[in-house]
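All remarks here apply to the structure that follows.
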Amino acid sequence: MADADRSSIEIKVLLKNLDPTKPSIKHKDRLRRLNKFRNYVTAKPLPEFYDDDYSLLLLGSESPTAMEDEDLSHMNLTGLLRAAGCPSTDHKDSLKRSARPTISLLRYLCLEYEASSSNVNNILDELNGFAAALCALNVPQLRTLRLDIHIGKGDNESGSRGGSKDDACHLLALILARHTDTDYETPKPLTIQIFLPESRSQAEFETWLGENASPDVRRAIKENVVAAEGGGKVGGAAKATSAAAAEGKGMPSFDDDEDDDDDVLGAFTSKKATPKKGGGSQSNYGQAMEGDLGGGMSGAVAPDGKPTIWSATQMASKKERASGAIIFLEEEREKATAERKKAEEEKQRLLGRDPLGLRSADRFDLLEIDSNRDFLIQKTLKEIEEEIDCELALASESGVERVNWLEAQRQALLAIVDEKKRSDKGGEGAESNELQQDLPSILPTNPDFDPTLFLTLVHRNATYQELQESTSRLSRKTDNQVERLQNLVRDNFALFIKCSEGIDVFADQRDPRNNRNSRSRDMANDDQGMQELQNRFGTLDGLASSCSEQARKSFKPLLDNTNEVRKVQSALAVLQRVAPLLQVPSLMRQHIENANFSSVVKAYRKVLVIDKNHCDVDLLQYVRAKAGDAAQDARQDLELILADEASSANSLLDAIRDLGELLELLEEEEDSEVGNSVNKGGVTPRSSGQSNSAMDAGTFTIDRHVVICIRDYPPALGCLFLQTSHFRSLVDKAVAGTEATAERVFRGEGPDNVSNQSSGGNSSSDGISAGENSSSQRSSRDKRWKFEVLETRVDATLRAVTLAKNWLPRLLQIGLATQEAEKRRMARHKRRKMSLLSATASNSLSGESDSDAGDKGTKIMMSAHDVFKSIVNPALTRLVEYVAYCSLGCPNQGSKYKISAVFGRGSAERLRAILKSPLPPTQTAKCALDLAELADAIQESNEAMLTIRSLGDDGEGAKVTYRSPLEKCSQLTNDAVVMIEQRVCIYSFDACARKCSISASGSGVFDGDALLQCVQKLSDDLTRSDECSKEVEKGCLLVSKKCCEGLSSYVKDRSDAARLRVVAECADALNTTIADVVREVSYLTNGQSESLESNLSSVISTLEREMFDVFLESVKRNVSSCARLGLIENPSENDQTSSKVDEPAAPFPPYLAASFLTIVRCRAQVERALRDLRRSDGTTYQFLALQTASDGVVENICLELKSKMNRVRPHADVFSIHLQFLISTLKKYLSDEILSLASDTRRMLLSASTGGRGVGRGMGNGPEGLTALENLERLGRVYVMCLGE
């Protein structure tokens, strides 16, 4: 059935796109989807459909398929009927544009789908699945099609918004001709007025029927409409067969009750047999039945034929029926008369048809033409003469062929008339009717049939081809008739032989040889034969009368017995019809055992049709009494359900509904005496669980001191009283149970009432060991009972929250049901009060005083709002205080929330201290989740209480500002949740601070991820984060300070690498972790912690600057020890002369090499630890370190050169070259101050140079200086490369 599955999917997609309430679905979308579905159903081969898909496609979400399917019940599906009748929102009395293609698709599915080309739109053929489903719908569902607009305004007034008239007429004709009950078999005719209330629309439809529908369809519609208007019922084939059988037996035909399956008293209705045409004995029988059952009961039978009192039923009739034998004979004669009349009508209908089949049977009657043939001949002659004149005028163009043809017709007609005139004995004075009787007939069955006259009057304008085809068809039909006649003779040949023997008796006895005698002798012989026939017929009549009289005497006992059998059969049929009514008590018992009380009420409603005051049948009275007993038992069971604290909310609501309906039925039936006996009678075995035996029925005891009689209140209010009392009792039990458990734990018995002390059955030899271990056991027991008390508080919190979550929605549902019942009661009271006021006014005019009439029977009762205010609110407040005391113990420091000791006020001081102490972090987190769930449940209940408010006299809610009874409880719960979540924040950040401090002091790691995870976890756990913003901000600062303190302790007694590690951790935290933490905290607190980022950055930046400054100081110290000139020698003149002659290449200066090595090592150390990290101002740590090292090197060299100028003077030009090399190499790392110092030192060296006379003429400024600088750069290339980028 893959094809059927796809069909289901296509239907669902179509119905979703037909929803007019979705603004996203436009007209083009609906039209496109309709066309796509039509293409799907018209494809070859035709798709298959499930049986449930037919009603789903027609009704959508209103179909039983969609209501029973859980997936479809949540969808909004618009069926084809509602889509085809969807009204336009902008045009009055018009439809949506998509209604026209929708009804066109519906007509195709019902009348053309699976139909052959010859049977398209044939309403009387077998219906397909769509048509059968459409015809089985009820009237309200069919009215959604809006056929009145389609037919009244379709295709003419409103254009595309008026629908499709032709499609609507086809569907209406289908419904009127084939409408059935929901079983798809029982016909259920409808009237046109149901769908077309306006006469104009009805006229449009009737006109369409006359032009487009076949006679059989019109006849079927007419019969159904007449049956629907006259109250008759049209059955199917089976029902027609049973009715015919009943008529053949002379019994009245009683149709099954097809309107109401629950009408079990249908057998008692005064139904009559349908009278046949022609009156006769059947009508007399109907009158006799009416006289037996309807005499003296005017108004006792409803318009639908059902009795309203017991005496109007058939079983209540005490009169005897008419004689069965007379009825049987009369019915047989009437049946024969009706058959002969029907045969005569059929014969006349067949005679009126055209034998050639060229004229349609709708507007043609050959008998009428034959009766008016004289007038038609004259008319035809006149028409022929006019046509001859017209053709003669056109003879010059078209010729005279047609004139000759018309003249031949004219002469033929004149010849017929003249011939009959000559044969007329009456002469010219004969009447026209006599002339007409002498004219030839056009009826083929008449011996005086004239083919020429027939063709001239009936088929004068027919072509030769049409006549030839019709004669061929007539020949085939004649051959078939001859063949059927031969078969008939062959099948009944023996019967023909027997009949021929009887015919010979009445044959002419004359000798054939006497045929030549005179005419007078023939006439005498004919008279003699007729006399003989009359004598024989008289003899046969005598024999027939004698046989009839003898048969009447012989078969009278048999007929009487037959009549008695029919009576017994009728009684059995009545018992079968009444069988559901007799089974009601046992059925009610079964439903009670299965707890199906709605079926109990339905069954009890059936039995109430028995009038206990006017019913004389003991069996029915017994059934009525037993059903009443079962109803009382059902009432007691329903009361037990309402009083049971373990009943679910749905079962309570169902019990309230069923008990309310049952009480309404019981109030209608019970008088005051029966009512008192029910309310004040003894306790039945079914009410054993209600209360003690001394109390009234319907009275329940809760906690041995709360007594509630549910029968003093309406079912909903009584259930609310009982359930709220149970809730209050459970709250008290929870508080008392927790207090008892804490006391047992404190005494050493344990939470399960098991003693924790050692057994007292030890021998005397064990006494010494017990005494030695008593001190250790006492210390362990002290620790254990404290822990168990804390666990008891956590368990009590969980149980209390579960209690509130389970009971609050339950009580609210019952409260809403009570509110609705109260509104209905107020409305009834208002109507009753108005009637009493009118009665009081009439009594005051007569002098009577009825001042208390208005208050009679009226009892002031509490409303649902009052019950919640007086019972639920105090109990829930106590429960909230109990939960807060168990989970919090004491309020937070500085909090305005006060926590009262709900229990344990009289306990020992040590126990009270534990009860009032805060819970540990893990247990606090558990209780925080429970408290949040409790707050959500109370908040939802508080919002739902807006619909439960006090009602005024008019049954509506009070107009003043409404305050929910649960508002105070909601506020208390919110305060408790805020307080415990603040503790959760404090505990969480404290644990995170300890963890981060240990990680920082041991590993030198700033664990910002732990802080981030802590904030994220709080974001998931907290429900009142806005109220905890201060705690969150303080916790983040606490974690940061602990981390910084741990890092500070980490660098103690460690090298510069540890300080650089700390600087790197702080830099990473400032650049990444702190930003993520601030963002999460902002999400958590809704942007309330604006100063958090600055505070965290200040704490971390302080440590970072401190550690890096210490490192830079260490760099300066290391550089100062490395940047030393060393030993400086002053050469003699001989050494200078020899060096000038042959001077080897000088090495790279050692002090420069040591300085550069120090700088390179500093760079490597910083690069390895800090990578490319930057400070907050954008400067990298590497640049700062290199700048410090370079400044230290240059500064120390310059200061040492100045301090050793006297010794340096001989080598001033060389040192100037070295200083120039330093400046050019470290220029980008040197500060302006050091650059200035270096420049001054170099100028001083140049002025002190001995390489030439005068300033600036030494080695540093000439070519020799450039050569030395190049050699120096060549030798120190490796250092320059290490300091490069």
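Quick note on naming: the chains in the structure tokens go A, B, ... in the order shown, residues restart at 1 in each chain, and ligands are numbered from 1 in order of appearance.
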Which residues are near A:Ala913? Cut-off 12 Å, only C-alpha atoms, ignore same chain within fewer than 5 positions. Put them as a list in words. Phe746, Lys786, Val789, Leu790, Gly889, Cys890, Ala901, Gly904, Arg905, Ser907, Ala908, Pro918 and Leu919 of chain A
Would you write out those residues with N, CA, C and O atoms, as a PDB file, in the first residue's frame?
ATOM      1  N   PHE A 746      18.796  12.840  66.989  1.00  0.00           N
ATOM      2  CA  PHE A 746      19.512  13.459  68.112  1.00  0.00           C
ATOM      3  C   PHE A 746      19.612  12.490  69.293  1.00  0.00           C
ATOM      4  O   PHE A 746      20.626  12.478  70.014  1.00  0.00           O
ATOM      5  N   LYS A 786      24.976  14.877  63.713  1.00  0.00           N
ATOM      6  CA  LYS A 786      24.934  16.189  63.057  1.00  0.00           C
ATOM      7  C   LYS A 786      24.783  16.023  61.537  1.00  0.00           C
ATOM      8  O   LYS A 786      23.975  16.708  60.895  1.00  0.00           O
ATOM      9  N   VAL A 789      21.261  14.884  60.732  1.00  0.00           N
ATOM     10  CA  VAL A 789      20.273  15.968  60.828  1.00  0.00           C
ATOM     11  C   VAL A 789      20.309  16.843  59.576  1.00  0.00           C
ATOM     12  O   VAL A 789      19.266  17.248  59.037  1.00  0.00           O
ATOM     13  N   LEU A 790      21.517  17.119  59.104  1.00  0.00           N
ATOM     14  CA  LEU A 790      21.627  17.912  57.871  1.00  0.00           C
ATOM     15  C   LEU A 790      21.017  17.157  56.692  1.00  0.00           C
ATOM     16  O   LEU A 790      20.320  17.752  55.851  1.00  0.00           O
ATOM     17  N   GLY A 889      18.043  27.475  57.172  1.00  0.00           N
ATOM     18  CA  GLY A 889      18.389  27.474  58.591  1.00  0.00           C
ATOM     19  C   GLY A 889      18.331  28.857  59.192  1.00  0.00           C
ATOM     20  O   GLY A 889      17.605  29.113  60.163  1.00  0.00           O
ATOM     21  N   CYS A 890      19.093  29.773  58.654  1.00  0.00           N
ATOM     22  CA  CYS A 890      19.130  31.150  59.133  1.00  0.00           C
ATOM     23  C   CYS A 890      19.296  32.074  57.941  1.00  0.00           C
ATOM     24  O   CYS A 890      19.795  31.657  56.888  1.00  0.00           O
ATOM     25  N   ALA A 901      11.427  29.515  62.965  1.00  0.00           N
ATOM     26  CA  ALA A 901      11.598  28.089  63.251  1.00  0.00           C
ATOM     27  C   ALA A 901      10.232  27.412  63.213  1.00  0.00           C
ATOM     28  O   ALA A 901       9.412  27.557  64.118  1.00  0.00           O
ATOM     29  N   GLY A 904      10.880  22.291  66.043  1.00  0.00           N
ATOM     30  CA  GLY A 904      12.061  22.187  66.890  1.00  0.00           C
ATOM     31  C   GLY A 904      12.216  23.290  67.912  1.00  0.00           C
ATOM     32  O   GLY A 904      13.320  23.474  68.443  1.00  0.00           O
ATOM     33  N   ARG A 905      11.154  24.025  68.194  1.00  0.00           N
ATOM     34  CA  ARG A 905      11.286  25.106  69.183  1.00  0.00           C
ATOM     35  C   ARG A 905      11.550  24.557  70.583  1.00  0.00           C
ATOM     36  O   ARG A 905      12.233  25.197  71.387  1.00  0.00           O
ATOM     37  N   SER A 907      13.146  21.712  71.227  1.00  0.00           N
ATOM     38  CA  SER A 907      14.216  20.728  71.196  1.00  0.00           C
ATOM     39  C   SER A 907      15.408  21.219  72.011  1.00  0.00           C
ATOM     40  O   SER A 907      15.453  22.354  72.501  1.00  0.00           O
ATOM     41  N   ALA A 908      16.411  20.360  72.131  1.00  0.00           N
ATOM     42  CA  ALA A 908      17.621  20.703  72.862  1.00  0.00           C
ATOM     43  C   ALA A 908      18.375  21.821  72.147  1.00  0.00           C
ATOM     44  O   ALA A 908      18.226  22.025  70.933  1.00  0.00           O
ATOM     45  N   PRO A 918      23.524  27.051  58.537  1.00  0.00           N
ATOM     46  CA  PRO A 918      23.463  26.871  57.070  1.00  0.00           C
ATOM     47  C   PRO A 918      23.931  25.475  56.672  1.00  0.00           C
ATOM     48  O   PRO A 918      24.760  24.862  57.342  1.00  0.00           O
ATOM     49  N   LEU A 919      23.436  25.008  55.547  1.00  0.00           N
ATOM     50  CA  LEU A 919      23.842  23.708  55.031  1.00  0.00           C
ATOM     51  C   LEU A 919      25.208  23.801  54.363  1.00  0.00           C
ATOM     52  O   LEU A 919      25.615  24.868  53.903  1.00  0.00           O
TER      53      LEU A 919
END
As a list in words, please: the residues near stretch 1224-1240 of chain A (cut-off 9 Å, only C-alpha atoms, same-chain neighbours under 5 positions excluded).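 With the cut-off at 9 Å, the set is Phe1183, Leu1184, Leu1186, Gln1187, Thr1188, Ala1189, Ser1190, Asp1191, Gly1192, Val1194, Glu1195, Ile1197, Cys1198, Leu1199, Leu1219, Leu1245, Val1280, Leu1283 and Gly1284 of chain A.
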Residue subset to file, keeping N, CA and C atoms, as an mmCIF file, in the first residue's frame:
data_model
loop_
_atom_site.group_PDB
_atom_site.id
_atom_site.type_symbol
_atom_site.label_atom_id
_atom_site.label_comp_id
_atom_site.auth_asym_id
_atom_site.auth_seq_id
_atom_site.Cartn_x
_atom_site.Cartn_y
_atom_site.Cartn_z
ATOM 1 N N PHE A 1183 60.380 44.249 23.580
ATOM 2 C CA PHE A 1183 60.943 45.585 23.298
ATOM 3 C C PHE A 1183 61.337 46.283 24.590
ATOM 4 N N LEU A 1184 60.502 46.152 25.615
ATOM 5 C CA LEU A 1184 60.835 46.792 26.889
ATOM 6 C C LEU A 1184 62.092 46.188 27.496
ATOM 7 N N LEU A 1186 64.593 44.641 25.847
ATOM 8 C CA LEU A 1186 65.742 45.050 25.035
ATOM 9 C C LEU A 1186 66.077 46.514 25.249
ATOM 10 N N GLN A 1187 65.064 47.315 25.398
ATOM 11 C CA GLN A 1187 65.328 48.740 25.647
ATOM 12 C C GLN A 1187 66.062 48.928 26.972
ATOM 13 N N THR A 1188 65.629 48.198 28.015
ATOM 14 C CA THR A 1188 66.299 48.309 29.312
ATOM 15 C C THR A 1188 67.736 47.812 29.229
ATOM 16 N N ALA A 1189 67.940 46.659 28.560
ATOM 17 C CA ALA A 1189 69.299 46.121 28.452
ATOM 18 C C ALA A 1189 70.200 47.038 27.628
ATOM 19 N N SER A 1190 69.682 47.555 26.497
ATOM 20 C CA SER A 1190 70.497 48.437 25.640
ATOM 21 C C SER A 1190 70.836 49.732 26.368
ATOM 22 N N ASP A 1191 69.872 50.315 27.037
ATOM 23 C CA ASP A 1191 70.161 51.538 27.786
ATOM 24 C C ASP A 1191 71.208 51.288 28.864
ATOM 25 N N GLY A 1192 71.091 50.136 29.532
ATOM 26 C CA GLY A 1192 72.078 49.846 30.575
ATOM 27 C C GLY A 1192 73.481 49.678 30.024
ATOM 28 N N VAL A 1194 74.828 50.873 27.068
ATOM 29 C CA VAL A 1194 75.371 52.137 26.551
ATOM 30 C C VAL A 1194 75.672 53.090 27.700
ATOM 31 N N GLU A 1195 74.747 53.125 28.674
ATOM 32 C CA GLU A 1195 74.962 54.043 29.793
ATOM 33 C C GLU A 1195 76.198 53.656 30.588
ATOM 34 N N ILE A 1197 78.861 51.963 29.563
ATOM 35 C CA ILE A 1197 80.077 52.199 28.763
ATOM 36 C C ILE A 1197 80.413 53.678 28.735
ATOM 37 N N CYS A 1198 79.377 54.519 28.523
ATOM 38 C CA CYS A 1198 79.637 55.967 28.463
ATOM 39 C C CYS A 1198 80.149 56.479 29.800
ATOM 40 N N LEU A 1199 79.560 56.036 30.879
ATOM 41 C CA LEU A 1199 79.998 56.495 32.194
ATOM 42 C C LEU A 1199 81.427 56.021 32.489
ATOM 43 N N LEU A 1219 81.901 53.259 20.088
ATOM 44 C CA LEU A 1219 80.636 53.882 20.526
ATOM 45 C C LEU A 1219 79.712 54.164 19.354
ATOM 46 N N LEU A 1245 85.242 62.008 22.984
ATOM 47 C CA LEU A 1245 86.324 61.154 22.520
ATOM 48 C C LEU A 1245 86.964 61.698 21.253
ATOM 49 N N VAL A 1280 75.129 41.492 15.524
ATOM 50 C CA VAL A 1280 74.119 42.346 14.860
ATOM 51 C C VAL A 1280 72.964 41.493 14.343
ATOM 52 N N LEU A 1283 70.602 40.504 17.089
ATOM 53 C CA LEU A 1283 69.736 41.598 17.567
ATOM 54 C C LEU A 1283 68.766 42.079 16.495
ATOM 55 N N GLY A 1284 68.907 41.594 15.261
ATOM 56 C CA GLY A 1284 67.985 42.018 14.200
ATOM 57 C C GLY A 1284 66.615 41.375 14.343
#
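The smallest atom-to-atom distance between A:Val867 and any of A:Ala734, A:Leu722, A:Met588, A:Ala1010, using only C-alpha atoms, is found for A:Leu722.
Note that atom CA of A:Gly1035 and atom CA of A:Cys985 are 7.4 Å apart.
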